[in-house]
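**Student:** Next comes target_10.txt, compact mmCIF, C-alpha atoms:
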# COMPACT_ATOMS: atom_id res chain seq x y z
CA MET A 1 -16.94 14.54 58.72
CA PHE A 2 -18.09 15.65 62.12
CA ILE A 3 -15.96 18.81 62.22
CA GLU A 4 -17.03 19.80 58.73
CA ARG A 5 -20.69 19.43 59.69
CA LEU A 6 -20.03 21.48 62.78
CA LEU A 7 -18.35 24.29 60.85
CA ASN A 8 -20.94 24.32 58.05
CA GLN A 9 -24.04 24.97 60.06
CA GLY A 10 -25.82 28.12 61.17
CA ASN A 11 -24.31 31.39 60.07
CA ALA A 12 -20.70 30.31 59.61
CA PRO A 13 -20.80 29.43 55.86
CA LEU A 14 -22.78 32.61 55.12
CA LEU A 15 -20.29 34.75 56.99
CA GLU A 16 -17.44 33.01 55.19
CA GLN A 17 -18.93 33.88 51.80
CA GLN A 18 -19.59 37.45 52.89
CA LEU A 19 -15.95 37.74 54.01
CA LYS A 20 -14.70 36.40 50.67
CA PHE A 21 -16.99 38.76 48.80
CA ALA A 22 -15.83 41.78 50.81
CA ALA A 23 -12.17 40.84 50.19
CA ALA A 24 -12.75 40.45 46.44
CA ARG A 25 -14.61 43.73 46.29
CA HIS A 26 -11.89 45.48 48.28
CA ARG A 27 -9.36 44.44 45.64
CA LEU A 28 -11.42 46.08 42.90
CA ILE A 29 -11.91 49.25 44.95
CA ALA A 30 -8.14 49.34 45.46
CA GLU A 31 -7.62 49.14 41.69
CA ASN A 32 -10.15 51.92 41.15
CA ILE A 33 -8.37 54.15 43.66
CA ALA A 34 -4.95 53.44 42.14
CA ASN A 35 -6.36 54.48 38.75
CA VAL A 36 -8.12 57.57 40.04
CA SER A 37 -6.08 59.84 37.70
CA THR A 38 -5.97 57.51 34.70
CA PRO A 39 -7.81 59.03 31.73
CA GLY A 40 -10.52 56.83 30.27
CA TYR A 41 -10.39 54.27 33.08
CA ARG A 42 -13.73 52.54 33.69
CA GLN A 43 -14.54 51.61 37.28
CA LYS A 44 -14.85 47.96 38.28
CA ASP A 45 -17.14 46.56 40.94
CA LEU A 46 -18.95 43.40 42.02
CA ASP A 47 -22.70 42.89 42.02
CA GLN A 48 -23.54 43.14 45.72
CA SER A 49 -27.32 42.81 45.46
CA GLY A 50 -27.02 39.84 43.10
CA PHE A 51 -24.67 38.13 45.53
CA GLU A 52 -27.00 38.76 48.47
CA ARG A 53 -29.94 37.46 46.46
CA ALA A 54 -28.01 34.24 45.72
CA LEU A 55 -27.22 33.87 49.44
CA ARG A 56 -30.88 34.34 50.35
CA GLU A 57 -31.93 31.69 47.83
CA ARG A 58 -29.43 29.22 49.26
CA VAL A 59 -30.61 29.90 52.80
CA ALA A 60 -34.22 29.31 51.72
CA ALA A 61 -33.19 26.09 49.96
CA ARG A 62 -31.32 24.93 53.07
CA ARG A 63 -34.50 24.89 55.16
CA GLY A 64 -35.75 21.34 55.29
CA ALA A 65 -32.90 19.99 53.16
CA ALA A 66 -30.51 17.35 54.41
CA PRO A 67 -27.61 18.86 56.41
CA GLY A 68 -24.64 19.63 54.21
CA SER A 69 -26.57 19.18 50.96
CA VAL A 70 -26.78 22.92 50.17
CA ARG A 71 -23.39 24.44 49.46
CA PHE A 72 -22.49 28.11 49.67
CA ASP A 73 -18.96 28.06 48.29
CA ASP A 74 -19.93 27.90 44.61
CA ILE A 75 -21.66 31.30 44.45
CA ARG A 76 -20.02 33.34 41.71
CA PHE A 77 -19.15 37.00 42.19
CA GLU A 78 -20.45 38.80 39.09
CA PRO A 79 -18.34 41.75 37.93
CA ILE A 80 -20.25 44.87 36.97
CA THR A 81 -19.32 48.29 35.65
CA PRO A 82 -20.99 50.84 37.88
CA GLY A 83 -22.59 53.63 35.93
CA GLY A 84 -24.77 56.59 36.68
CA TYR A 85 -22.00 58.91 37.79
CA ALA A 86 -20.97 61.74 35.55
CA THR A 87 -18.42 60.89 32.89
CA TYR A 88 -15.58 63.36 33.16
CA HIS A 89 -13.88 65.09 30.26
CA ASP A 90 -11.02 62.58 30.38
CA GLY A 91 -13.45 59.68 29.82
CA GLY A 92 -13.30 58.28 33.34
CA ASN A 93 -16.48 57.73 35.36
CA ARG A 94 -14.85 58.01 38.77
CA SER A 95 -16.25 59.86 41.71
CA LYS A 96 -13.65 60.07 44.43
CA GLU A 97 -16.16 60.68 47.20
CA GLN A 98 -18.24 57.67 46.24
CA LEU A 99 -15.10 55.57 45.90
CA MET A 100 -13.77 56.46 49.35
CA SER A 101 -17.13 55.91 51.03
CA GLU A 102 -17.43 52.51 49.30
CA LEU A 103 -13.92 51.73 50.54
CA SER A 104 -14.69 52.42 54.19
CA LYS A 105 -18.15 50.83 54.02
CA ASN A 106 -16.72 47.67 52.52
CA GLY A 107 -13.86 47.61 55.02
CA LEU A 108 -16.19 47.99 57.98
CA ARG A 109 -18.48 45.32 56.61
CA HIS A 110 -15.54 42.96 56.18
CA ASN A 111 -14.40 43.56 59.77
CA MET A 112 -17.92 43.04 61.08
CA TYR A 113 -18.21 39.67 59.31
CA ALA A 114 -14.77 38.67 60.56
CA GLU A 115 -15.77 39.49 64.13
CA LEU A 116 -19.09 37.61 63.83
CA LEU A 117 -17.28 34.61 62.36
CA ARG A 118 -14.78 34.72 65.21
CA ARG A 119 -17.67 34.64 67.70
CA ALA A 120 -19.28 31.74 65.82
CA TYR A 121 -16.06 29.72 65.92
CA GLY A 122 -15.54 30.77 69.54
CA SER A 123 -18.85 29.30 70.63
CA ILE A 124 -17.99 26.02 68.87
CA GLN A 125 -14.69 26.04 70.73
CA ASN A 126 -16.47 26.62 74.01
CA ALA A 127 -18.81 23.71 73.31
CA LEU A 128 -15.86 21.44 72.51
CA ARG A 129 -14.01 22.43 75.66
CA GLU A 130 -17.20 22.21 77.76
CA ARG A 131 -16.00 25.32 79.48
CA VAL A 132 -16.80 29.02 79.05
CA THR A 133 -13.59 30.98 78.74
CA MET B 1 -5.45 39.81 50.08
CA PHE B 2 -1.87 40.81 50.84
CA ASP B 3 -1.22 41.93 47.27
CA VAL B 4 -3.90 44.62 47.61
CA LEU B 5 -1.09 46.55 49.31
CA ASP B 6 0.87 46.29 46.04
CA ILE B 7 -2.06 47.88 44.18
CA GLY B 8 -1.93 50.78 46.64
CA ALA B 9 1.84 51.00 46.24
CA SER B 10 1.47 51.24 42.45
CA GLY B 11 -0.91 54.16 42.95
CA LEU B 12 1.48 55.85 45.37
CA LEU B 13 4.40 55.42 42.97
CA ALA B 14 2.42 56.80 40.02
CA GLN B 15 1.28 59.86 41.96
CA ARG B 16 4.83 60.45 43.20
CA VAL B 17 6.18 60.42 39.63
CA ARG B 18 3.42 62.86 38.72
CA MET B 19 4.40 65.09 41.65
CA ASP B 20 8.08 65.00 40.55
CA THR B 21 7.05 66.02 37.03
CA ILE B 22 4.99 68.91 38.40
CA ALA B 23 7.96 69.96 40.55
CA GLY B 24 10.13 69.98 37.41
CA ASN B 25 7.59 72.13 35.55
CA VAL B 26 7.34 74.68 38.36
CA LEU B 27 11.10 74.69 38.80
CA HIS B 28 11.69 75.42 35.10
CA MET B 29 8.86 77.89 34.57
CA ASN B 30 11.38 80.66 33.78
CA THR B 31 14.10 78.58 32.12
CA THR B 32 14.71 80.08 28.69
CA ARG B 33 17.72 77.93 27.71
CA ASN B 34 18.32 74.21 27.32
CA GLU B 35 21.16 72.23 28.94
CA ARG B 36 23.58 73.19 26.11
CA GLY B 37 23.02 76.90 26.75
CA GLU B 38 21.03 77.43 23.52
CA PRO B 39 18.02 79.77 23.74
CA VAL B 40 15.44 76.93 23.54
CA PRO B 41 12.96 77.18 26.41
CA TYR B 42 11.92 74.26 28.60
CA ARG B 43 8.85 72.32 27.44
CA ARG B 44 6.19 71.45 29.98
CA LYS B 45 6.11 67.71 30.77
CA PHE B 46 3.26 65.51 31.94
CA VAL B 47 2.90 61.88 32.97
CA VAL B 48 0.76 59.35 31.10
CA PHE B 49 -1.00 56.81 33.33
CA GLU B 50 -2.48 53.52 32.22
CA PRO B 51 -4.04 50.61 34.09
CA THR B 52 -1.79 47.56 34.27
CA ARG B 53 -2.82 44.51 32.31
CA ALA B 54 -3.10 41.14 33.98
CA GLU B 55 -2.72 39.34 30.62
CA ARG B 56 0.81 40.74 30.35
CA GLY B 57 1.69 39.32 33.76
CA GLN B 58 1.63 42.72 35.46
CA THR B 59 0.27 43.04 38.98
CA PRO B 60 -3.04 44.94 39.04
CA GLY B 61 -2.97 48.66 39.58
CA VAL B 62 -1.69 51.65 37.65
CA ARG B 63 1.59 52.27 35.88
CA VAL B 64 3.33 55.25 34.35
CA ALA B 65 3.29 54.52 30.62
CA GLY B 66 5.61 57.42 29.88
CA ILE B 67 6.35 61.09 30.31
CA GLY B 68 5.13 63.23 27.44
CA GLU B 69 5.92 66.77 26.37
CA ASP B 70 3.31 69.47 26.02
CA ARG B 71 3.43 70.64 22.39
CA SER B 72 1.50 73.86 22.97
CA PRO B 73 3.31 77.06 21.85
CA PHE B 74 5.76 78.84 24.12
CA ILE B 75 4.78 82.03 25.89
CA ARG B 76 6.23 85.15 24.21
CA ARG B 77 6.99 88.19 26.28
CA PHE B 78 8.32 91.55 25.10
CA GLU B 79 11.63 92.04 26.93
CA PRO B 80 14.08 93.67 24.49
CA SER B 81 16.90 93.94 27.04
CA HIS B 82 16.85 90.20 27.84
CA PRO B 83 19.95 88.36 26.53
CA ASP B 84 17.72 85.72 24.88
CA ALA B 85 15.43 88.21 23.13
CA ASP B 86 14.98 87.71 19.38
CA ARG B 87 15.28 90.45 16.75
CA ASP B 88 11.80 91.80 17.53
CA GLY B 89 12.58 91.96 21.26
CA TYR B 90 10.48 88.97 22.28
CA VAL B 91 11.68 86.28 24.70
CA GLN B 92 10.25 82.76 24.51
CA TYR B 93 9.29 81.41 27.91
CA PRO B 94 8.29 77.80 28.74
CA ASN B 95 4.65 76.83 28.15
CA VAL B 96 4.14 76.29 31.88
CA ASP B 97 1.03 77.76 33.51
CA LEU B 98 1.52 77.97 37.26
CA ALA B 99 -2.23 77.76 37.98
CA VAL B 100 -2.51 74.50 36.02
CA GLU B 101 0.48 73.05 37.86
CA MET B 102 -1.00 74.01 41.24
CA VAL B 103 -4.32 72.36 40.43
CA ASN B 104 -2.53 69.21 39.26
CA MET B 105 -0.41 69.25 42.41
CA LEU B 106 -3.49 69.35 44.63
CA ASP B 107 -5.07 66.53 42.64
CA ALA B 108 -1.90 64.42 42.88
CA SER B 109 -1.60 64.92 46.63
CA ARG B 110 -5.29 64.05 47.20
CA ALA B 111 -4.95 60.92 45.06
CA TYR B 112 -1.83 59.99 47.06
CA GLU B 113 -3.81 60.39 50.28
CA ALA B 114 -6.63 58.24 48.90
CA ASN B 115 -4.16 55.43 48.25
CA ILE B 116 -2.73 55.77 51.77
CA THR B 117 -6.25 55.56 53.24
CA MET B 118 -6.94 52.48 51.14
CA MET B 119 -3.78 50.80 52.46
CA GLU B 120 -4.76 51.65 56.05
CA THR B 121 -8.16 50.04 55.49
CA THR B 122 -6.46 46.99 53.97
CA LYS B 123 -4.28 46.61 57.05
CA GLN B 124 -7.33 46.80 59.34
CA MET B 125 -9.09 44.16 57.26
CA LEU B 126 -6.05 41.88 57.38
CA ASN B 127 -5.85 42.33 61.15
CA ALA B 128 -9.53 41.41 61.51
CA THR B 129 -8.98 38.27 59.43
CA LEU B 130 -5.89 37.30 61.40
CA ARG B 131 -7.82 37.59 64.66
CA LEU B 132 -10.03 34.73 63.43
CA LEU B 133 -7.16 32.41 64.30
CA ALA B 134 -6.68 33.74 67.82
Once you've parsed the file, please lay out its structure as structure tokens.
**Tutor:**
Amino acid sequence: MFIERLLNQGNAPLLEQQLKFAAARHRLIAENIANVSTPGYRQKDLDQSGFERALRERVAARRGAAPGSVRFDDIRFEPITPGGYATYHDGGNRSKEQLMSELSKNGLRHNMYAELLRRAYGSIQNALRERVT
Amino acid sequence: MFDVLDIGASGLLAQRVRMDTIAGNVLHMNTTRNERGEPVPYRRKFVVFEPTRAERGQTPGVRVAGIGEDRSPFIRRFEPSHPDADRDGYVQYPNVDLAVEMVNMLDASRAYEANITMMETTKQMLNATLRLLA
């Protein structure tokens, strides 16, 4: 399909995956915050560096490959249990400061990808209309 | 993405119940009788939180599993003229420590705020996603 080819080139599929990842990660951060006073609760998170590595590999594989042959939408988000913080006397490994900074970082990142994706779609729209709005 | 707001709401609800329990403890810190007028002091109460389980069909987040009673001994004070004093002149007061309640109150209100902040961020993220369509 022409439209599909148009939407799956350049940065758009990457940004889409980043958006999905940020949304999935936000859900886990929300669960962690809701359980901030639950004794023995272990934090949940997604493997950000693993995800970015997978994206990089796909981008490298896309160079020189036939258009549309490398897909981005089957990258799995691996759940991890973040460690390294102190374990508190109630058995939880939360750190509220770290949690809140992850929350705002992830939110800002999500909004940045959304804005970039909007621009990417906007330029396609401009090309289709043959007019700069 | 919209149900992330429900996760935040579960956190808010849990912290509110905790706050109500703390209010009850502070309120009854000098109550030496039960509701039938017998000289049995109030027992300190606390909430028990647990994460919800998706395999039981619960939405993700936190839930109040129950409200437990603190089984630590009552505080005994020597007040022979008190109507509820025992033969030795001691009055049993509730096992409520005001300092502990205050610390828990601060913790509950900060956790409540954290959930509010999370919901604000969620709304901003939703707005950013919705602008993709415009």
**Student:** Calculated over all atoms listed in the file, which of the candidates B:Gly89, B:Glu79, B:Arg63, B:Tyr42 has the smallest distance to Gly24 in chain B?
**Tutor:**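 When distances to Gly24 in chain B are compared using all atoms listed in the file, the smallest one comes from B:Tyr42.
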**Student:** For chain A, which of B:Asp20, B:Asp3, B:Glu38, B:Glu69 is the closest residue, counting only C-alpha atoms?
**Tutor:** B:Asp3
**Student:** Kindly give the distance, in Å, that separates CA of Met119 in chain B and CA of Leu5 in chain B, rounded to a single decimal.
**Tutor:**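 A separation of 5.9 Å between them.
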**Student:** Give as a PDB file with C-alpha atoms, in the coordinates of the input every residue, naming chains and numbers as the document does, that has an atom within 9 Å of (-9.2, 49.5, 44.1), counting all atoms listed in the file.
**Tutor:**
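Ended up saving to out-v5.pdb:
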ATOM      1  CA  ARG A  25     -14.610  43.730  46.290  1.00  0.00           C
ATOM      2  CA  HIS A  26     -11.890  45.480  48.280  1.00  0.00           C
ATOM      3  CA  ARG A  27      -9.360  44.440  45.640  1.00  0.00           C
ATOM      4  CA  LEU A  28     -11.420  46.080  42.900  1.00  0.00           C
ATOM      5  CA  ILE A  29     -11.910  49.250  44.950  1.00  0.00           C
ATOM      6  CA  ALA A  30      -8.140  49.340  45.460  1.00  0.00           C
ATOM      7  CA  GLU A  31      -7.620  49.140  41.690  1.00  0.00           C
ATOM      8  CA  ASN A  32     -10.150  51.920  41.150  1.00  0.00           C
ATOM      9  CA  ILE A  33      -8.370  54.150  43.660  1.00  0.00           C
ATOM     10  CA  ALA A  34      -4.950  53.440  42.140  1.00  0.00           C
ATOM     11  CA  ASN A  35      -6.360  54.480  38.750  1.00  0.00           C
ATOM     12  CA  GLN A  43     -14.540  51.610  37.280  1.00  0.00           C
ATOM     13  CA  LYS A  44     -14.850  47.960  38.280  1.00  0.00           C
ATOM     14  CA  LEU A  99     -15.100  55.570  45.900  1.00  0.00           C
ATOM     15  CA  LEU A 103     -13.920  51.730  50.540  1.00  0.00           C
TER      16      LEU A 103
ATOM     17  CA  VAL B   4      -3.900  44.620  47.610  1.00  0.00           C
ATOM     18  CA  ILE B   7      -2.060  47.880  44.180  1.00  0.00           C
ATOM     19  CA  GLY B   8      -1.930  50.780  46.640  1.00  0.00           C
ATOM     20  CA  GLY B  61      -2.970  48.660  39.580  1.00  0.00           C
ATOM     21  CA  ASN B 115      -4.160  55.430  48.250  1.00  0.00           C
ATOM     22  CA  MET B 118      -6.940  52.480  51.140  1.00  0.00           C
TER      23      MET B 118
END
**Student:** Please identify every residue of chain A that has at least one atom no more than 12 Å from any atom of chain B, counting only C-alpha atoms, and report them as a short mmCIF file (atom, residue, chain, number, x, y, z; two decimals) with C-alpha atoms, in the frame of the given file.
**Tutor:**
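Saved the output as part-v3.cif:
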data_model
loop_
_atom_site.label_atom_id
_atom_site.label_comp_id
_atom_site.auth_asym_id
_atom_site.auth_seq_id
_atom_site.Cartn_x
_atom_site.Cartn_y
_atom_site.Cartn_z
CA GLU A 16 -17.44 33.01 55.19
CA LEU A 19 -15.95 37.74 54.01
CA LYS A 20 -14.70 36.40 50.67
CA PHE A 21 -16.99 38.76 48.80
CA ALA A 22 -15.83 41.78 50.81
CA ALA A 23 -12.17 40.84 50.19
CA ALA A 24 -12.75 40.45 46.44
CA ARG A 25 -14.61 43.73 46.29
CA HIS A 26 -11.89 45.48 48.28
CA ARG A 27 -9.36 44.44 45.64
CA LEU A 28 -11.42 46.08 42.90
CA ILE A 29 -11.91 49.25 44.95
CA ALA A 30 -8.14 49.34 45.46
CA GLU A 31 -7.62 49.14 41.69
CA ASN A 32 -10.15 51.92 41.15
CA ILE A 33 -8.37 54.15 43.66
CA ALA A 34 -4.95 53.44 42.14
CA ASN A 35 -6.36 54.48 38.75
CA VAL A 36 -8.12 57.57 40.04
CA SER A 37 -6.08 59.84 37.70
CA THR A 38 -5.97 57.51 34.70
CA PRO A 39 -7.81 59.03 31.73
CA GLY A 40 -10.52 56.83 30.27
CA TYR A 41 -10.39 54.27 33.08
CA ARG A 42 -13.73 52.54 33.69
CA GLN A 43 -14.54 51.61 37.28
CA LYS A 44 -14.85 47.96 38.28
CA ASP A 90 -11.02 62.58 30.38
CA GLY A 92 -13.30 58.28 33.34
CA SER A 95 -16.25 59.86 41.71
CA LYS A 96 -13.65 60.07 44.43
CA GLU A 97 -16.16 60.68 47.20
CA GLN A 98 -18.24 57.67 46.24
CA LEU A 99 -15.10 55.57 45.90
CA MET A 100 -13.77 56.46 49.35
CA SER A 101 -17.13 55.91 51.03
CA GLU A 102 -17.43 52.51 49.30
CA LEU A 103 -13.92 51.73 50.54
CA SER A 104 -14.69 52.42 54.19
CA LYS A 105 -18.15 50.83 54.02
CA ASN A 106 -16.72 47.67 52.52
CA GLY A 107 -13.86 47.61 55.02
CA LEU A 108 -16.19 47.99 57.98
CA ARG A 109 -18.48 45.32 56.61
CA HIS A 110 -15.54 42.96 56.18
CA ASN A 111 -14.40 43.56 59.77
CA MET A 112 -17.92 43.04 61.08
CA TYR A 113 -18.21 39.67 59.31
CA ALA A 114 -14.77 38.67 60.56
CA GLU A 115 -15.77 39.49 64.13
CA LEU A 116 -19.09 37.61 63.83
CA LEU A 117 -17.28 34.61 62.36
CA ARG A 118 -14.78 34.72 65.21
CA ARG A 119 -17.67 34.64 67.70
CA ALA A 120 -19.28 31.74 65.82
CA TYR A 121 -16.06 29.72 65.92
CA GLY A 122 -15.54 30.77 69.54
CA GLN A 125 -14.69 26.04 70.73
#
**Student:** If I wrap all listed atoms of range 110-126 of chain B in a box with edges along x, y and z and add 3 Å on each side, what are its centre and edge lengths in Å to one decimal, as AutoDock Vina command-line options?
**Tutor:**
--center_x -5.5 --center_y 53.0 --center_z 52.2 --size_x 13.3 --size_y 28.2 --size_z 20.3
